[in-house]
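Reading through the structure tokens given below for one structure.
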Amino acid sequence: MLNLIASINDGIKLIAPTTADYLLVAGGGGGSSGAGGAGGLLSGSSFSLGASFTVTIGAGGTGNACNTTAGVRGTDSVFKSNTANGGGGGAKVQNSATAGTYGSGGGGGQNGAATTTGASGTGGQGFAGTGNAGFTGNPYPGGSGGGAGANGNAPTGNSTLGTGGIGAQSSIIGSATYYAGGGGAAFNNSTPGSAGGLGGGGLGGGLSSNGTAGTANLGGGGGGSGQDGTGGNGGSGVVIIAYPNSFAPLTSIDGGLTYDQPSRAGYRVYRFTAGTGTVTV
């Protein structure tokens with residue numbers, strides 16, 4: 001039944017929503033020798049909106065030169081009281097990925113010293129969604145990044161590691177889409193490296209070539225770099241809310257936020273893609 005309220009001056013009006021489904025994805029980590037981990041992913045249904053809420057979209061971390069500097073952690077995304085942690089950066093050559101509170105862990109760097117996995121992601125306590133660990137570095141290429149749905153994948157040989165960890169699928173915008181895939185490992189040959197995980201993970205680079213960036217607004221990790229190259233940047237995050245279109249549109253959205261409204265039958269959908277600000281219900 002439609003949720004309506006009578007108004008003497010304005011006739012019949014829709015009332016404001018009280019709850020909504022949501023998807024929250026942080027920025028992916030940047031690559032280096034190891035690939036970047038995906039941004040943390042949280043989701044839920046029938047979440048209380050209140051009178052207003054804050055939205056912040058996390059940026060992807062910067063990819064760096066594999067021989068000298070680790071990839072940069074992605075930035076957190078925020079929806080009301082929920083925070084998704086940015087993805088961990090990939091390790092530089094002969095280093096392990098740094099431990100910390102990440103959405104998903106970055107991959108370890110190449111060469112013998114890089115023998116541990118990237119930091120395990122923690123998602124967000126008490127909410128659906130999780131991050132996963134990056135894979136170990138190899139004597140030649142670095143490790144792949146973890147995704148929201150799985151760890152970075154195992155190597156298939158000394159010259160290539162597996163794809164980035166798969167992300168998690170959601171149909172909140174009306175079509176099934178993967179988010180938060182880990183970055184792909186590099187390949188120390190003239191050909192490109194391993195693919196990023198489904199959900200926007202960047203492709204690993206070839207010998208002396210750069211990893212590619214994670215996809216914007218999917219929170220994918222940046223691809224790892226082959227010898228002497230640079231890892232790809234992490235992809236930015238996203239915040240999406242959806243509720244039945246029998247309820248009124250949102251009253252106001254701060255100008256600091258960029259958003260669009262994907263078409264989904266029977267729902268109002270708001271996809272916030274950049275910036276920070278307050279939304280009034």
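Scheme for the structure tokens: letters A, B, ... for chains in order shown; per-chain residue numbers from 1; ligand numbers from 1 in order shown.
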Determine, counting only C-alpha atoms, which protein, DNA and RNA residues have an atom within 12 Å of an atom of A:Lys92; residues of the same chain fewer than 2 positions away are not included. Present the result as a tab-separated table (two decimals) with N, CA and C atoms, in the first residue's frame.
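The new file selection.tsv reads:
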chain	number	residue	atom	x	y	z
A	30	GLY	N	46.55	1.17	-3.45
A	30	GLY	CA	47.42	1.30	-4.60
A	30	GLY	C	48.39	0.13	-4.70
A	31	GLY	N	48.82	-0.18	-5.92
A	31	GLY	CA	49.76	-1.26	-6.13
A	31	GLY	C	51.20	-0.79	-6.05
A	32	SER	N	52.07	-1.75	-5.90
A	32	SER	CA	53.52	-1.54	-5.99
A	32	SER	C	54.07	-2.82	-6.62
A	33	SER	N	55.04	-3.48	-6.00
A	33	SER	CA	55.41	-4.81	-6.48
A	33	SER	C	54.25	-5.77	-6.26
A	34	GLY	N	53.65	-5.72	-5.07
A	34	GLY	CA	52.42	-6.42	-4.81
A	34	GLY	C	51.23	-5.58	-5.24
A	35	ALA	N	50.12	-6.22	-5.53
A	35	ALA	CA	48.90	-5.51	-5.94
A	35	ALA	C	48.16	-4.95	-4.73
A	36	GLY	N	47.34	-3.96	-4.98
A	36	GLY	CA	46.55	-3.35	-3.92
A	36	GLY	C	45.34	-4.19	-3.53
A	63	GLY	N	49.31	4.32	-6.50
A	63	GLY	CA	50.29	3.29	-6.82
A	63	GLY	C	51.68	3.89	-6.88
A	64	ASN	N	52.69	3.11	-6.50
A	64	ASN	CA	54.06	3.63	-6.43
A	64	ASN	C	55.06	2.70	-7.11
A	65	ALA	N	56.29	3.24	-7.30
A	65	ALA	CA	57.36	2.48	-7.95
A	65	ALA	C	57.70	1.24	-7.13
A	66	CYS	N	57.70	0.09	-7.78
A	66	CYS	CA	57.80	-1.17	-7.04
A	66	CYS	C	59.13	-1.35	-6.33
A	67	ASN	N	60.19	-0.72	-6.81
A	67	ASN	CA	61.51	-0.92	-6.20
A	67	ASN	C	61.74	-0.05	-4.97
A	68	THR	N	60.91	0.96	-4.77
A	68	THR	CA	61.22	1.92	-3.71
A	68	THR	C	60.12	2.18	-2.70
A	69	THR	N	58.84	2.09	-3.09
A	69	THR	CA	57.77	2.58	-2.22
A	69	THR	C	56.55	1.68	-2.30
A	70	ALA	N	55.99	1.36	-1.16
A	70	ALA	CA	54.76	0.57	-1.12
A	70	ALA	C	53.58	1.38	-1.65
A	71	GLY	N	52.56	0.69	-2.11
A	71	GLY	CA	51.34	1.36	-2.51
A	71	GLY	C	50.64	1.97	-1.31
A	72	VAL	N	49.86	2.99	-1.55
A	72	VAL	CA	49.19	3.74	-0.47
A	72	VAL	C	47.83	3.13	-0.16
A	89	GLY	N	47.67	-1.13	0.71
A	89	GLY	CA	48.56	-0.97	-0.43
A	89	GLY	C	49.44	-2.19	-0.63
A	90	GLY	N	49.84	-2.44	-1.87
A	90	GLY	CA	50.76	-3.53	-2.16
A	90	GLY	C	52.15	-3.22	-1.65
A	94	GLN	N	60.86	-6.98	-1.99
A	94	GLN	CA	61.50	-7.55	-0.80
A	94	GLN	C	60.85	-7.10	0.50
A	95	ASN	N	59.55	-6.82	0.45
A	95	ASN	CA	58.84	-6.46	1.66
A	95	ASN	C	57.50	-7.17	1.72
A	96	SER	N	57.02	-7.33	2.95
A	96	SER	CA	55.68	-7.85	3.17
A	96	SER	C	54.70	-6.69	3.21
A	97	ALA	N	53.44	-6.98	2.87
A	97	ALA	CA	52.42	-5.95	2.98
A	97	ALA	C	52.23	-5.56	4.45
A	98	THR	N	52.06	-4.29	4.69
A	98	THR	CA	51.95	-3.79	6.06
A	98	THR	C	50.66	-4.26	6.72
A	106	GLY	N	46.80	-5.88	0.84
A	106	GLY	CA	47.60	-5.83	-0.37
A	106	GLY	C	48.49	-7.06	-0.49
A	107	GLY	N	49.02	-7.33	-1.68
A	107	GLY	CA	49.91	-8.46	-1.91
A	107	GLY	C	51.32	-8.18	-1.43
A	108	GLY	N	52.05	-9.25	-1.10
A	108	GLY	CA	53.46	-9.12	-0.73
A	108	GLY	C	54.32	-8.80	-1.93
A	109	GLY	N	55.46	-8.19	-1.67
A	109	GLY	CA	56.38	-7.84	-2.74
A	109	GLY	C	57.16	-9.03	-3.26
A	110	GLN	N	57.77	-8.88	-4.44
A	110	GLN	CA	58.54	-9.96	-5.04
A	110	GLN	C	59.87	-10.15	-4.32
A	111	ASN	N	60.48	-11.30	-4.56
A	111	ASN	CA	61.80	-11.69	-4.07
A	111	ASN	C	61.68	-12.36	-2.70
A	113	ALA	N	62.42	-12.15	0.42
A	113	ALA	CA	62.00	-11.64	1.72
A	113	ALA	C	60.49	-11.51	1.85
A	114	ALA	N	59.79	-11.48	0.73
A	114	ALA	CA	58.34	-11.25	0.77
A	114	ALA	C	57.61	-12.58	0.84
A	118	GLY	N	49.42	-10.42	2.65
A	118	GLY	CA	48.98	-9.08	2.99
A	118	GLY	C	48.07	-9.13	4.20
A	137	GLY	N	54.18	-12.76	-1.75
A	137	GLY	CA	55.07	-12.43	-2.84
A	137	GLY	C	55.77	-13.69	-3.32
A	141	PRO	N	57.33	-12.20	-9.49
A	141	PRO	CA	56.35	-11.12	-9.32
A	141	PRO	C	55.88	-11.02	-7.87
A	142	GLY	N	55.18	-9.94	-7.55
A	142	GLY	CA	54.58	-9.80	-6.24
A	142	GLY	C	53.23	-10.48	-6.16
A	143	GLY	N	52.62	-10.42	-4.97
A	143	GLY	CA	51.35	-11.09	-4.73
A	143	GLY	C	50.15	-10.30	-5.22
A	224	GLY	N	49.48	-4.85	-9.55
A	224	GLY	CA	50.90	-4.86	-9.21
A	224	GLY	C	51.77	-4.57	-10.42
A	225	SER	N	53.01	-4.20	-10.14
A	225	SER	CA	53.93	-3.82	-11.21
A	225	SER	C	55.00	-4.88	-11.43
A	226	GLY	N	55.37	-5.07	-12.72
A	226	GLY	CA	56.54	-5.86	-13.04
A	226	GLY	C	57.81	-5.11	-12.65
A	227	GLN	N	58.94	-5.76	-12.79
A	227	GLN	CA	60.22	-5.18	-12.39
A	227	GLN	C	60.42	-3.79	-12.99
A	228	ASP	N	60.78	-2.84	-12.12
A	228	ASP	CA	61.10	-1.45	-12.48
A	228	ASP	C	59.88	-0.61	-12.89
A	229	GLY	N	58.68	-1.14	-12.73
A	229	GLY	CA	57.48	-0.37	-13.06
A	229	GLY	C	56.82	0.24	-11.84
A	230	THR	N	55.61	0.73	-12.04
A	230	THR	CA	54.83	1.38	-10.99
A	230	THR	C	53.46	0.72	-10.88
A	231	GLY	N	53.02	0.47	-9.67
A	231	GLY	CA	51.71	-0.13	-9.45
A	231	GLY	C	50.58	0.82	-9.80
Close residues, stretch 191-204 of chain A itself excluded, 8 Å, only C-alpha atoms, min 3 positions apart in chain, as a JSON list (two decimals) with N, CA and C atoms, in the first residue's frame:
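Written file, selection39.json:
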[["chain", "number", "residue", "atom", "x", "y", "z"],
["A", 35, "ALA", "N", 50.12, -6.22, -5.53],
["A", 35, "ALA", "CA", 48.90, -5.51, -5.94],
["A", 35, "ALA", "C", 48.16, -4.95, -4.73],
["A", 38, "ALA", "N", 41.40, -4.63, -2.20],
["A", 38, "ALA", "CA", 40.14, -3.93, -2.44],
["A", 38, "ALA", "C", 39.69, -3.14, -1.21],
["A", 147, "GLY", "N", 40.18, -9.48, -2.15],
["A", 147, "GLY", "CA", 38.92, -8.86, -2.53],
["A", 147, "GLY", "C", 37.87, -9.06, -1.46],
["A", 160, "THR", "N", 54.22, -16.03, -12.76],
["A", 160, "THR", "CA", 52.96, -15.30, -12.62],
["A", 160, "THR", "C", 52.20, -15.77, -11.39],
["A", 161, "LEU", "N", 51.55, -14.87, -10.72],
["A", 161, "LEU", "CA", 50.65, -15.21, -9.63],
["A", 161, "LEU", "C", 49.23, -15.14, -10.14],
["A", 162, "GLY", "N", 48.30, -15.54, -9.31],
["A", 162, "GLY", "CA", 46.91, -15.58, -9.72],
["A", 162, "GLY", "C", 46.25, -14.21, -9.80],
["A", 163, "THR", "N", 45.00, -14.24, -10.17],
["A", 163, "THR", "CA", 44.20, -13.03, -10.24],
["A", 163, "THR", "C", 43.94, -12.47, -8.85],
["A", 164, "GLY", "N", 43.52, -11.22, -8.81],
["A", 164, "GLY", "CA", 43.12, -10.62, -7.54],
["A", 164, "GLY", "C", 41.89, -11.32, -6.97],
["A", 165, "GLY", "N", 41.72, -11.21, -5.66],
["A", 165, "GLY", "CA", 40.57, -11.82, -5.02],
["A", 165, "GLY", "C", 39.26, -11.28, -5.58],
["A", 166, "ILE", "N", 38.30, -12.16, -5.77],
["A", 166, "ILE", "CA", 37.00, -11.75, -6.31],
["A", 166, "ILE", "C", 36.28, -10.83, -5.33],
["A", 167, "GLY", "N", 35.51, -9.90, -5.89],
["A", 167, "GLY", "CA", 34.71, -9.02, -5.05],
["A", 167, "GLY", "C", 33.39, -9.66, -4.65],
["A", 168, "ALA", "N", 32.47, -8.83, -4.20],
["A", 168, "ALA", "CA", 31.14, -9.29, -3.80],
["A", 168, "ALA", "C", 30.10, -8.69, -4.74],
["A", 169, "GLN", "N", 29.08, -9.47, -5.03],
["A", 169, "GLN", "CA", 28.05, -9.04, -5.99],
["A", 169, "GLN", "C", 26.85, -8.45, -5.27],
["A", 177, "THR", "N", 26.06, -6.53, -10.00],
["A", 177, "THR", "CA", 27.36, -5.89, -10.22],
["A", 177, "THR", "C", 28.33, -6.33, -9.13],
["A", 178, "TYR", "N", 29.57, -6.62, -9.53],
["A", 178, "TYR", "CA", 30.60, -6.93, -8.55],
["A", 178, "TYR", "C", 31.30, -5.65, -8.10],
["A", 179, "TYR", "N", 31.63, -5.61, -6.81],
["A", 179, "TYR", "CA", 32.35, -4.50, -6.21],
["A", 179, "TYR", "C", 33.55, -5.04, -5.41],
["A", 180, "ALA", "N", 34.57, -4.21, -5.24],
["A", 180, "ALA", "CA", 35.68, -4.49, -4.34],
["A", 180, "ALA", "C", 36.47, -5.74, -4.72],
["A", 181, "GLY", "N", 37.01, -5.76, -5.94],
["A", 181, "GLY", "CA", 37.90, -6.83, -6.38],
["A", 181, "GLY", "C", 39.35, -6.46, -6.13],
["A", 182, "GLY", "N", 40.18, -7.44, -5.78],
["A", 182, "GLY", "CA", 41.60, -7.19, -5.53],
["A", 182, "GLY", "C", 42.39, -6.98, -6.80],
["A", 183, "GLY", "N", 43.52, -6.28, -6.69],
["A", 183, "GLY", "CA", 44.38, -6.04, -7.84],
["A", 183, "GLY", "C", 45.10, -7.31, -8.29],
["A", 184, "GLY", "N", 45.37, -7.40, -9.60],
["A", 184, "GLY", "CA", 46.05, -8.56, -10.16],
["A", 184, "GLY", "C", 47.56, -8.49, -10.00],
["A", 185, "ALA", "N", 48.19, -9.65, -9.90],
["A", 185, "ALA", "CA", 49.65, -9.72, -9.77],
["A", 185, "ALA", "C", 50.34, -9.41, -11.09],
["A", 186, "ALA", "N", 51.58, -8.93, -10.97],
["A", 186, "ALA", "CA", 52.38, -8.63, -12.15],
["A", 186, "ALA", "C", 52.93, -9.91, -12.78],
["A", 187, "PHE", "N", 53.48, -9.76, -13.98],
["A", 187, "PHE", "CA", 54.07, -10.88, -14.72],
["A", 187, "PHE", "C", 55.40, -10.40, -15.25],
["A", 188, "ASN", "N", 56.50, -10.98, -14.77],
["A", 188, "ASN", "CA", 57.82, -10.49, -15.19],
["A", 188, "ASN", "C", 58.22, -11.02, -16.56],
["A", 207, "LEU", "N", 56.77, -6.99, -17.58],
["A", 207, "LEU", "CA", 58.14, -6.61, -17.26],
["A", 207, "LEU", "C", 58.37, -5.13, -17.57],
["A", 210, "ASN", "N", 53.74, -0.82, -16.07],
["A", 210, "ASN", "CA", 52.96, -0.45, -14.90],
["A", 210, "ASN", "C", 51.70, -1.30, -14.74],
["A", 211, "GLY", "N", 51.25, -1.46, -13.50],
["A", 211, "GLY", "CA", 49.94, -2.02, -13.25],
["A", 211, "GLY", "C", 48.87, -0.99, -13.60],
["A", 212, "THR", "N", 47.66, -1.47, -13.88],
["A", 212, "THR", "CA", 46.57, -0.54, -14.20],
["A", 212, "THR", "C", 45.76, -0.23, -12.95],
["A", 213, "ALA", "N", 45.02, 0.85, -13.04],
["A", 213, "ALA", "CA", 44.24, 1.33, -11.89],
["A", 213, "ALA", "C", 43.01, 0.48, -11.65],
["A", 214, "GLY", "N", 42.60, 0.39, -10.39],
["A", 214, "GLY", "CA", 41.31, -0.19, -10.07],
["A", 214, "GLY", "C", 40.20, 0.72, -10.60],
["A", 215, "THR", "N", 39.03, 0.15, -10.81],
["A", 215, "THR", "CA", 37.93, 0.90, -11.42],
["A", 215, "THR", "C", 37.29, 1.86, -10.43],
["A", 216, "ALA", "N", 37.09, 3.10, -10.87],
["A", 216, "ALA", "CA", 36.46, 4.12, -10.04],
["A", 216, "ALA", "C", 35.05, 3.68, -9.63],
["A", 218, "LEU", "N", 34.09, 1.34, -7.83],
["A", 218, "LEU", "CA", 33.93, -0.07, -7.50],
["A", 218, "LEU", "C", 34.86, -0.48, -6.36],
["A", 219, "GLY", "N", 35.82, 0.38, -6.02],
["A", 219, "GLY", "CA", 36.72, 0.10, -4.90],
["A", 219, "GLY", "C", 37.74, -0.98, -5.18],
["A", 220, "GLY", "N", 38.11, -1.19, -6.45],
["A", 220, "GLY", "CA", 39.09, -2.22, -6.79],
["A", 220, "GLY", "C", 40.51, -1.83, -6.43],
["A", 221, "GLY", "N", 41.34, -2.83, -6.10],
["A", 221, "GLY", "CA", 42.74, -2.57, -5.82],
["A", 221, "GLY", "C", 43.53, -2.34, -7.10],
["A", 222, "GLY", "N", 44.60, -1.55, -7.00],
["A", 222, "GLY", "CA", 45.46, -1.30, -8.15],
["A", 222, "GLY", "C", 46.31, -2.51, -8.49],
["A", 223, "GLY", "N", 46.58, -2.71, -9.79],
["A", 223, "GLY", "CA", 47.39, -3.84, -10.23],
["A", 223, "GLY", "C", 48.84, -3.72, -9.80],
["A", 224, "GLY", "N", 49.48, -4.85, -9.55],
["A", 224, "GLY", "CA", 50.90, -4.86, -9.21],
["A", 224, "GLY", "C", 51.77, -4.57, -10.42],
["A", 225, "SER", "N", 53.01, -4.20, -10.14],
["A", 225, "SER", "CA", 53.93, -3.82, -11.21],
["A", 225, "SER", "C", 55.00, -4.88, -11.43],
["A", 226, "GLY", "N", 55.37, -5.07, -12.72],
["A", 226, "GLY", "CA", 56.54, -5.86, -13.04],
["A", 226, "GLY", "C", 57.81, -5.11, -12.65],
["A", 231, "GLY", "N", 53.02, 0.47, -9.67],
["A", 231, "GLY", "CA", 51.71, -0.13, -9.45],
["A", 231, "GLY", "C", 50.58, 0.82, -9.80],
["A", 232, "GLY", "N", 49.42, 0.26, -10.09],
["A", 232, "GLY", "CA", 48.25, 1.07, -10.43],
["A", 232, "GLY", "C", 47.60, 1.69, -9.22],
["A", 234, "GLY", "N", 44.50, 2.67, -6.75],
["A", 234, "GLY", "CA", 43.27, 2.01, -6.35],
["A", 234, "GLY", "C", 42.05, 2.76, -6.88],
["A", 235, "GLY", "N", 40.95, 2.05, -7.05],
["A", 235, "GLY", "CA", 39.71, 2.68, -7.49],
["A", 235, "GLY", "C", 38.96, 3.31, -6.33]]
Can you tell me, as a list in words, what residues are no more than 6 Å from stretch 45-58 of chain A when counting only C-alpha atoms, ignoring any on the same chain fewer than 5 positions away?
Thr18, Thr19, Ala20, Asp21, Ala26, Gly27, Thr75, Asp76, Ser77, Val78, Phe79, Lys80, Ser236, Gly237, Val238, Ala274, Gly275, Thr276, Gly277, Thr278, Val279, Thr280 and Val281 of chain A
List the neighbours of stretch 268-270 of chain A out to 10 Å using only C-alpha atoms; skip same-chain residues closer than 6 positions along the sequence, and give me the result as a list in words.
Ala20, Asp21, Tyr22, Ile172, Ile173, Gly174, Val239, Ile240, Ile241, Ala242, Tyr243, Pro244, Asn245, Ser246, Phe247, Ala248, Pro249, Leu250, Tyr259, Asp260, Gln261 and Pro262 of chain A
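With atom CA of A:Ser43 on one side and atom CA of A:Ala59 on the other, the separation reads 18.8 Å.
Ranking A:Asn85, A:Asn217, A:Ser104, A:Ser175 by their shortest atom-to-atom distance to A:Asn151, with only C-alpha atoms included, puts A:Ser104 first.
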Can you list, as a ChimeraX atom specification, all residues belonging to stretch 114-276 of chain A that DSSP tags as strand (DSSP E)?
/A:168-170,177-179,238-244,252-253,257-260,267-276
Write to file, as a compact mmCIF listing (two decimals), in the first residue's frame, the residues of the selection just made, with N, CA and C atoms.
# COMPACT_ATOMS: atom_id res chain seq x y z
N ALA A 168 32.47 -8.83 -4.20
CA ALA A 168 31.14 -9.29 -3.80
C ALA A 168 30.10 -8.69 -4.74
N GLN A 169 29.08 -9.47 -5.03
CA GLN A 169 28.05 -9.04 -5.99
C GLN A 169 26.85 -8.45 -5.27
N SER A 170 26.30 -7.39 -5.84
CA SER A 170 25.10 -6.75 -5.31
C SER A 170 24.20 -6.32 -6.47
N THR A 177 26.06 -6.53 -10.00
CA THR A 177 27.36 -5.89 -10.22
C THR A 177 28.33 -6.33 -9.13
N TYR A 178 29.57 -6.62 -9.53
CA TYR A 178 30.60 -6.93 -8.55
C TYR A 178 31.30 -5.65 -8.10
N TYR A 179 31.63 -5.61 -6.81
CA TYR A 179 32.35 -4.50 -6.21
C TYR A 179 33.55 -5.04 -5.41
N VAL A 238 32.24 3.96 -3.17
CA VAL A 238 30.89 4.37 -3.52
C VAL A 238 29.97 4.14 -2.32
N VAL A 239 28.92 4.92 -2.24
CA VAL A 239 27.83 4.68 -1.29
C VAL A 239 26.52 4.68 -2.07
N ILE A 240 25.74 3.63 -1.92
CA ILE A 240 24.46 3.51 -2.63
C ILE A 240 23.36 3.21 -1.62
N ILE A 241 22.24 3.93 -1.73
CA ILE A 241 21.07 3.59 -0.93
C ILE A 241 19.88 3.39 -1.87
N ALA A 242 18.94 2.56 -1.44
CA ALA A 242 17.75 2.28 -2.25
C ALA A 242 16.56 2.03 -1.32
N TYR A 243 15.40 2.58 -1.69
CA TYR A 243 14.18 2.34 -0.93
C TYR A 243 12.99 2.41 -1.88
N PRO A 244 11.84 1.85 -1.51
CA PRO A 244 10.69 1.83 -2.41
C PRO A 244 10.27 3.22 -2.86
N SER A 252 17.24 16.97 0.58
CA SER A 252 18.37 17.76 0.10
C SER A 252 19.66 16.95 0.18
N ILE A 253 20.60 17.30 -0.71
CA ILE A 253 21.92 16.66 -0.76
C ILE A 253 22.96 17.77 -0.89
N LEU A 257 28.70 16.69 -2.56
CA LEU A 257 28.55 15.30 -2.97
C LEU A 257 28.16 15.20 -4.44
N THR A 258 28.79 14.29 -5.15
CA THR A 258 28.41 13.97 -6.52
C THR A 258 27.59 12.69 -6.50
N TYR A 259 26.47 12.68 -7.22
CA TYR A 259 25.63 11.49 -7.21
C TYR A 259 24.83 11.38 -8.49
N ASP A 260 24.29 10.18 -8.73
CA ASP A 260 23.33 9.97 -9.80
C ASP A 260 22.24 9.04 -9.28
N TYR A 267 11.93 1.34 -7.15
CA TYR A 267 12.80 1.89 -6.12
C TYR A 267 13.35 3.27 -6.51
N ARG A 268 13.65 4.04 -5.49
CA ARG A 268 14.48 5.24 -5.65
C ARG A 268 15.89 4.84 -5.24
N VAL A 269 16.84 5.08 -6.12
CA VAL A 269 18.23 4.70 -5.88
C VAL A 269 19.10 5.95 -5.97
N TYR A 270 19.95 6.13 -4.98
CA TYR A 270 20.91 7.23 -4.97
C TYR A 270 22.31 6.63 -4.87
N ARG A 271 23.15 6.94 -5.88
CA ARG A 271 24.52 6.45 -5.92
C ARG A 271 25.47 7.63 -5.76
N PHE A 272 26.14 7.69 -4.61
CA PHE A 272 27.06 8.79 -4.32
C PHE A 272 28.47 8.36 -4.74
N THR A 273 29.10 9.16 -5.60
CA THR A 273 30.32 8.74 -6.26
C THR A 273 31.56 9.55 -5.90
N ALA A 274 31.41 10.68 -5.22
CA ALA A 274 32.57 11.48 -4.82
C ALA A 274 32.16 12.51 -3.80
N GLY A 275 33.13 12.93 -2.98
CA GLY A 275 32.92 14.03 -2.07
C GLY A 275 32.45 13.60 -0.68
N THR A 276 32.06 14.61 0.09
CA THR A 276 31.54 14.38 1.45
C THR A 276 30.49 15.44 1.75
